[in-house]
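Structure record follows, encoded as structure tokens.
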Amino acid sequence: MHRILSPLMIRVLIFLALVTVICAVFQSITPRYLTAANFRGLLSAMAISGIVAMGLTFVIVLRKFDLSLAGIASLSAMTLGFVLSVTGALVPTILACIAIGLLCGVINGALVGYGRLPDVVTTIAVGSIAYGMAFAYNGGADYSDNFFSSGMVTLNFNTIFGIQIPVFLLLITALITGFFLHATRFGQSFYAAGENPRATFYSGISVQNVMIVGFGIAGALVGVAMLIQISGIGSSRVTAGGQILLPAYTSVYLGAALLGRASIPATLAGSLIMTMLLNGFTLLSIPYYYSDAVVSFILIVAIVLFDPKIVQLLKNPRRFFLTNTAG
Amino acid sequence: MIMTKSAYQNSLDGSDRCRAKSLAKKTGAMPNILEMTGIEKHFGPVTALNKVDFHLERGEIHALLGVNGAGKSTLIKILSGIYAADNGRVVIDGEECLLGSPAAAIDQGVAAVQQHPELVGDLTGYENIFLGQEGADKGLFKRIDRIAMRTKAEKLLERFPVEIDLAKKIDDLAAVEKEIIAVLHALKQENVKILILDEPTSTLTRVEKVQLFKMMNLLKNSGVSIIYITHRLEEVFEVADRFTVFRGGRTIATLTAEMAQNEAVSIPQLMLQQEMGELFPPKSRLSEETTPALEAQSLSLAGSFSDIDFQARSGEILGFFGLVGSGIDELAKTLFGALQPDGGNIILRGHTVRLPSPKAALKHGIFLVPGDRRTEGLVLSDDVTFNTTLANLRRASFLGARKFNTNRQTVGDLIEKVELTPPTLNRAASAFSGGNQQKIVIAKGLYSQSDTYIFVEPTVGVDVGARSTLYGLIRELSREAAVIVMSSDCDEVFGLSDRMSALYRGHLVVEPNAEMTRDELLSYGLMGSCN
Amino acid sequence: MQSDKQEAVSGLFSNFGLPFLLVILFIFFSSITDTFLTAANLEGLILSAAISGLLFLGLTWVFTIGEMDVSFVAVAALANMITAGMVIGGYGWPLATFCAIAAAVFVGFFNGFLIAKMRLPSLVTTIATGGMASALAAAIGLGSSMGIEETGYLEVLFDTKIGIISMVVLLTLTIIAACWYVEEKLTLGHYIFSMATNPRAALEAGIPTARITIILCVFSAICSGAAGILLAVQLASGQPSIAQSLFLDGLTAVLLGGTMLKLGKPNILGTMVGVLIIAVLVRGGALLGWSDAAFSTIKGLLLLFGVAVVVWTNKSSSDIR
């Protein structure tokens, strides 16, 4: 049996085919789809969910869940508004926004890693506390002081090297996280700790520390995403993180389903396809609840396809059902 | 060995079997209650069972013998519906049946007690016995009458000469009590024709074993056919009527207990492919190094072992023989920093060290090849390079960045050295056979550049052919490093080690020395003394 | 010796810790405010506790067997919107409520099928099914809430009262009592807790674990759906985001309740005490003028506390591994 294409090549081709089909379908409905302006809009829309999803990738690689993202987003958005209104300077504001996300993530990681608490409930609780803390600023009211004077709003449309800042941040984040997860020894310990924490422990790697770093990255990247989102809105509000969880999970799982394993390129691929769909729906002015339903539906399809048992089923149905009851 | 006599007599005159046969004639049924033919089972590339035939007569105790990985447990899991066979047919009581699930097997009258029986720890004994069958009929909305259940359970227990408080929670019971609860649980149905016991004695003491054997004989007399799995030869003569020897996924021979008495048949030879001498590499001269590479001084861990003293030197293999539960596993993990001792010292090359984690142990040059390589040694879904470099990521990277090309070369050289087959670097660890997986773990140890290697059960689940290669590799390792081998396989420890000792219930019962016979080592490990 | 003592202390804590906390909170709010111990306040407290108790009832067992269901709020919203939409559309209350329950059953079965038969991870699966259910709920009202003018047969449940106890409360109490009976006396309850302790043992004993998982998912969805319908009656409207705030309440009640009795496993009585604690906290806090921020933080801390108690007490009683 000589294979002409490696399995990964086939997967990449499937991904490209999907992109083409989506483009073709939307282009045939609305000619505005394949325009430079829409493409720019698409990329900056992808920036927010893509950056959050890349952070989440680290947690998913560790085979854990993080449901605190929305709460952390609200807290870092409000922290951003607060620091900006007090200092009026951009640099401390940006640092504070990312730092508070990082802190929440590290707390998650410490509770899950060293405290041995279950990930789901812990992150729900931490998210809820963070959400409550977000209200503590300004009694939950919006901040919009110094947004123009400090140049906060320009973050959304200024360019660096001819690239819009949100897109630039997306690319930089992808490069850094991709390098970290796939080309360093720390990245190797992430995959090892996710797939077999015991063997990882016996290989002299502190699984607890890996947890802290993983959840920490997820939290910090929520802070980065909030920078873009808040600069786009023009004011800090507690509801800023309301809609980030579902797209982030869908991006990671869709990417993993497409490329066979959760990774940074996979998440970017998943995020791209999802954003392309959402962007198309927006152009067709389809209401938000239908696009929510589509995102949820994609998520289910993605987990089904990502599941190794399902792949097994497609290959050999009879055997799957017979061994179904084995542990 | 007094106890064995009656059991012997029993099997010698074979009166039970005669009775069973005449019974079979009367009812007009076939003499075999169970016939399995042409059973095949593969796990990925590994063939666990290769066209196995197995027949069980009515009312006999039939032992399945074989080293670990010979295929006994797989056959039994197929019979009890836990695995589905890839091929072959199963005929129970003259009827062909499809055993797709444990429930289907139970319906056919097959009751199994797995090697580590699964019980619900916080339910009582009687609740566990009747789990899944609380009342007369099955169903999710049936009222549970706990008092009736308890009475019924006590009645069931009355048949056997043991006393257990059935109202106690399982977590609070002794090992043999749990085992008996598991047997009663398997017998809760009226229609049990075949009872399977998978290595029930591995955690039992001598006295407890006798209790269990008595119970088995009582069951046999009541007409239940019993399949009894073990890798302990001596037990077979105590209790079995016939036995079948497994080797490398095939059945080698089925013999009666009388035939086994015949001098011409050597069961160990049937179980192992090679002569002992060929299996193991030649021993080395005792090391003359003065400073031991690793020394334990009255090392203790509550509930596992106490006052362990030994010295391991570079250039030799130090072997410890101990049964499951004797403390060898915990001792190895303590030396590797995964468990923290309650007392005593670990001394490396003359310096007392504290090992708070495996990380610290690796830093001090200690490497553990764990007994359960699938859950503790390897990340199965990742490839050979990934696994080999995992214990020394510092070496595999420059300023944190992975040195992909260099690693490929270094690991390539290492897998050549350990004779990994196939020698493919980007193949997932799960796709290799047990022996080759163990070679990956050894390559991982070599990559970590340690100078003290601890092996726990180095050849569990490794077929005999691959064993001698592994033993050769361990010997090779010992030329440059200190090697400690801990195993529940007496022959392995005896054949491989330059100096050996035995661990019995957490105590080192004999000073490690070179001058010990195999039988002495065996009896130290089994009974804690030599007489 | 020491472990015996420790066990006794943890036993005392697990049996009476939560009820004690409930009593303390009750006394605290009664003494610090004038209005807490009034009939009107207590009536409201009991009614809201009854409805959220019903909502989390089925959820409890799903969590007991170690699965995560986060779609319960969405199911309640879906049932709520279907009821409202169909009543406004002129189909009448009986048909509307029937369809609402049918929709809930469908979502529950879908969850159960994916989790038990396809063996997908329950959390992400229910995030996705929940997402679809709430999108559908929003789509019924085209994204906004709908007021119901017509009163229906369920109104009587709220209007008939014995003292401050309405029929809704009595009905819920009956259902809770029935569930407790199932948990304690019937095979189903026995199997649920066997599956919680050792799923392999349950499977090997021939217990239909997959079927039980599906039944529990469906039951959980029915409970959520029924609560959604009751909310439609109570508020005389359908609101697509009706139960959002109940999400955290549900998890907190179930997991906090899990610290009580049954060795750290979610159970019916525990959940109900958890529901009462949250109800007292929310009512009392509102009287003291606490903000949303305070509630969110307190609930989060309670949840973290409950989980930590379960995990850490279980760890100390079991061995090192």
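Labels for the structure tokens follow display order: chains A, B, ..., residues from 1 in each chain, ligands from 1.
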Output as a ChimeraX atom specification the set of chain B residues within 6 Å of chain C, with distances taken over only C-alpha atoms.
-> /B:103,118-120,132,140-144
Output for the residues just chosen: C-alpha atoms as a short mmCIF file (atom, residue, chain, number, x, y, z; two decimals), in the first residue's frame:
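Once written, result-v6.cif looks like this:
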```
data_model
loop_
_atom_site.label_atom_id
_atom_site.label_comp_id
_atom_site.auth_asym_id
_atom_site.auth_seq_id
_atom_site.Cartn_x
_atom_site.Cartn_y
_atom_site.Cartn_z
CA ALA B 103 -25.27 -9.03 30.02
CA GLU B 118 -15.05 -4.43 40.19
CA LEU B 119 -17.13 -3.78 43.29
CA VAL B 120 -18.90 -0.68 44.47
CA GLY B 132 -28.06 -5.63 39.06
CA LEU B 140 -35.16 0.17 36.97
CA PHE B 141 -38.27 0.87 39.02
CA LYS B 142 -38.40 -2.11 41.34
CA ARG B 143 -38.56 -1.62 45.05
CA ILE B 144 -35.47 -2.74 46.92
#
```
Up to 7 Å from chain A, what residues of chain B turn up? Count only C-alpha atoms and give them as a PyMOL selection string.
-> chain B and resi 82-84+100-101+358-359+362+375-379+390-391+393+397+400-402
Put those residues in a file: C-alpha atoms, as a PDB file, in the first residue's frame.
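Everything below was put into result.pdb:
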```pdb
ATOM      1  CA  ILE B  82     -16.190  -7.871  27.609  1.00  0.00           C
ATOM      2  CA  TYR B  83     -14.289  -8.173  24.326  1.00  0.00           C
ATOM      3  CA  ALA B  84     -15.770  -9.277  21.035  1.00  0.00           C
ATOM      4  CA  GLY B 100     -21.751  -9.214  22.567  1.00  0.00           C
ATOM      5  CA  SER B 101     -21.966  -7.804  26.075  1.00  0.00           C
ATOM      6  CA  PRO B 358      10.548  12.287  39.773  1.00  0.00           C
ATOM      7  CA  LYS B 359      11.964  15.506  38.364  1.00  0.00           C
ATOM      8  CA  LEU B 362      15.933  12.300  37.061  1.00  0.00           C
ATOM      9  CA  THR B 375      -0.177   4.345  31.719  1.00  0.00           C
ATOM     10  CA  GLU B 376       3.073   5.341  33.397  1.00  0.00           C
ATOM     11  CA  GLY B 377       5.807   4.966  30.830  1.00  0.00           C
ATOM     12  CA  LEU B 378       4.494   6.205  27.505  1.00  0.00           C
ATOM     13  CA  VAL B 379       2.259   8.805  25.944  1.00  0.00           C
ATOM     14  CA  LEU B 390      10.243  13.279  27.082  1.00  0.00           C
ATOM     15  CA  ALA B 391      12.332  12.528  30.166  1.00  0.00           C
ATOM     16  CA  LEU B 393      13.557  17.795  27.297  1.00  0.00           C
ATOM     17  CA  SER B 397      16.067  21.621  23.022  1.00  0.00           C
ATOM     18  CA  GLY B 400      13.630  25.972  24.853  1.00  0.00           C
ATOM     19  CA  ALA B 401      13.294  25.407  21.104  1.00  0.00           C
ATOM     20  CA  ARG B 402      13.151  21.773  20.070  1.00  0.00           C
TER      21      ARG B 402
END
```
6 Å contacts from chain A to chain C using only C-alpha atoms, as JSON, numbers by chain = {"A": [125, 128, 129, 132, 135, 289, 292, 293, 296, 299, 300]}
For those residues, write C-alpha atoms to a file as a PDB file, in the first residue's frame.
```
ATOM      1  CA  ALA A 125     -16.745  29.500  39.972  1.00  0.00           C
ATOM      2  CA  SER A 128     -18.456  33.932  38.342  1.00  0.00           C
ATOM      3  CA  ILE A 129     -16.223  35.614  40.903  1.00  0.00           C
ATOM      4  CA  GLY A 132     -18.829  39.823  40.150  1.00  0.00           C
ATOM      5  CA  PHE A 135     -19.283  44.960  38.659  1.00  0.00           C
ATOM      6  CA  TYR A 289     -30.045  33.688  16.887  1.00  0.00           C
ATOM      7  CA  ASP A 292     -25.873  31.094  17.085  1.00  0.00           C
ATOM      8  CA  ALA A 293     -27.770  27.972  16.103  1.00  0.00           C
ATOM      9  CA  SER A 296     -23.784  25.325  17.945  1.00  0.00           C
ATOM     10  CA  LEU A 299     -19.733  22.486  17.317  1.00  0.00           C
ATOM     11  CA  ILE A 300     -21.731  19.241  17.562  1.00  0.00           C
TER      12      ILE A 300
END
```
Residue neighbourhood Ile46 (chain C), 10 Å, only C-alpha atoms, exclusion window fewer than 5 positions, as a ChimeraX atom specification | /C:41,51-53,164-166,168-169,276,279-280
Output the selection as a tab-separated table (two decimals), in the first residue's frame - N, CA and C atoms for each residue.
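Here's the written file result-v3.tsv:
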```
chain	number	residue	atom	x	y	z
C	41	ASN	N	-42.72	38.10	52.07
C	41	ASN	CA	-41.36	37.75	51.66
C	41	ASN	C	-41.16	36.24	51.65
C	51	ILE	N	-39.72	26.74	42.22
C	51	ILE	CA	-39.53	26.69	40.77
C	51	ILE	C	-38.08	26.34	40.44
C	52	SER	N	-37.11	26.98	41.12
C	52	SER	CA	-35.73	26.62	40.78
C	52	SER	C	-35.41	25.21	41.28
C	53	GLY	N	-36.06	24.79	42.40
C	53	GLY	CA	-35.88	23.42	42.86
C	53	GLY	C	-36.30	22.41	41.80
C	164	ILE	N	-49.44	30.49	53.09
C	164	ILE	CA	-48.54	31.09	52.12
C	164	ILE	C	-48.03	30.04	51.13
C	165	ILE	N	-48.54	28.81	51.28
C	165	ILE	CA	-48.08	27.73	50.40
C	165	ILE	C	-49.04	27.58	49.23
C	166	SER	N	-48.54	27.84	48.03
C	166	SER	CA	-49.43	27.68	46.87
C	166	SER	C	-49.34	26.25	46.35
C	168	VAL	N	-48.38	25.26	43.49
C	168	VAL	CA	-47.11	25.02	42.80
C	168	VAL	C	-46.09	24.41	43.76
C	169	VAL	N	-46.05	25.02	44.94
C	169	VAL	CA	-45.08	24.56	45.93
C	169	VAL	C	-45.40	23.13	46.35
C	276	LEU	N	-32.47	26.12	48.78
C	276	LEU	CA	-32.99	26.99	49.85
C	276	LEU	C	-31.92	27.99	50.29
C	279	ALA	N	-31.80	30.65	47.73
C	279	ALA	CA	-33.01	31.48	47.78
C	279	ALA	C	-32.96	32.46	48.96
C	280	VAL	N	-32.55	31.95	50.13
C	280	VAL	CA	-32.46	32.80	51.31
C	280	VAL	C	-31.43	33.90	51.08
```
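If you look at CA of Arg349 (chain B) and CA of Asp309 (chain B), they are 15.2 Å away from each other.
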Within 7 Å of Asp66 (chain A), counting only C-alpha atoms, which residues show up once you throw out same-chain ones fewer than 3 positions away? Write them as an mmCIF file with C-alpha atoms, in the first residue's frame, please.
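And here's selection-v3.cif as it stands now:
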```
data_model
loop_
_atom_site.group_PDB
_atom_site.id
_atom_site.type_symbol
_atom_site.label_atom_id
_atom_site.label_comp_id
_atom_site.auth_asym_id
_atom_site.auth_seq_id
_atom_site.Cartn_x
_atom_site.Cartn_y
_atom_site.Cartn_z
ATOM 1 C CA VAL A 59 -6.420 24.234 27.856
ATOM 2 C CA LEU A 69 -13.453 32.962 29.793
ATOM 3 C CA ASP A 119 -11.655 21.904 36.024
ATOM 4 C CA VAL A 120 -15.218 22.606 34.909
ATOM 5 C CA THR A 123 -13.520 27.601 36.190
#
```
Might you pull out every residue within 7 Å of Ala84 (chain C), with only C-alpha atoms counted and same-chain residues fewer than 5 positions away left off, and present them as a short mmCIF file (atom, residue, chain, number, x, y, z; two decimals) with C-alpha atoms, in the first residue's frame?
```
data_model
loop_
_atom_site.label_atom_id
_atom_site.label_comp_id
_atom_site.auth_asym_id
_atom_site.auth_seq_id
_atom_site.Cartn_x
_atom_site.Cartn_y
_atom_site.Cartn_z
CA MET C 146 -43.48 38.03 24.29
CA ILE C 148 -49.09 36.40 27.23
CA ALA C 232 -44.26 31.50 31.62
CA SER C 237 -44.60 36.21 29.31
CA GLY C 238 -42.03 34.27 27.35
#
```
Straight-line distance linking CA of Thr267 (chain A) with CA of Ile233 (chain A), stated in Å to one decimal | 25.3 Å
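CA of Gly223 (chain A) lies 19.3 Å from CA of Asp145 (chain A).
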Residue set, region 63-292 of chain A restricted to helix (DSSP H, G or I), as a PyMOL selection string = chain A and resi 69-87+90-113+119-140+153-156+165-183+185-195+197-202+207-233+238-241+245-259+264-283+288-292
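Look at Val106 (chain A): the protein and nucleic acid residues within 8 Å of it, using only C-alpha atoms and passing over chain neighbours fewer than 5 places away, are Ile212, Val213, Phe215, Gly216 and Gly219 of chain A.
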Contacts of region 162-174 of chain B at 7 Å or less, counting only C-alpha atoms, minus same-chain residues fewer than 4 places along, as a PyMOL selection string?
-> chain B and resi 121-126+178
May I have the selected residues written with C-alpha atoms, as an mmCIF file, in the first residue's frame?
```
data_model
loop_
_atom_site.group_PDB
_atom_site.id
_atom_site.type_symbol
_atom_site.label_atom_id
_atom_site.label_comp_id
_atom_site.auth_asym_id
_atom_site.auth_seq_id
_atom_site.Cartn_x
_atom_site.Cartn_y
_atom_site.Cartn_z
ATOM 1 C CA GLY B 121 -16.773 0.457 47.400
ATOM 2 C CA ASP B 122 -19.374 2.357 49.392
ATOM 3 C CA LEU B 123 -22.123 -0.249 49.148
ATOM 4 C CA THR B 124 -22.390 -3.130 51.605
ATOM 5 C CA GLY B 125 -21.407 -6.706 50.868
ATOM 6 C CA TYR B 126 -24.936 -7.940 50.278
ATOM 7 C CA LYS B 178 -13.817 -8.950 48.612
#
```
Could you tell me which of B:Phe386, B:Phe243, B:Phe432, B:Phe130 comes closest to Ala148 (chain B) if we count only C-alpha atoms?
-> B:Phe130
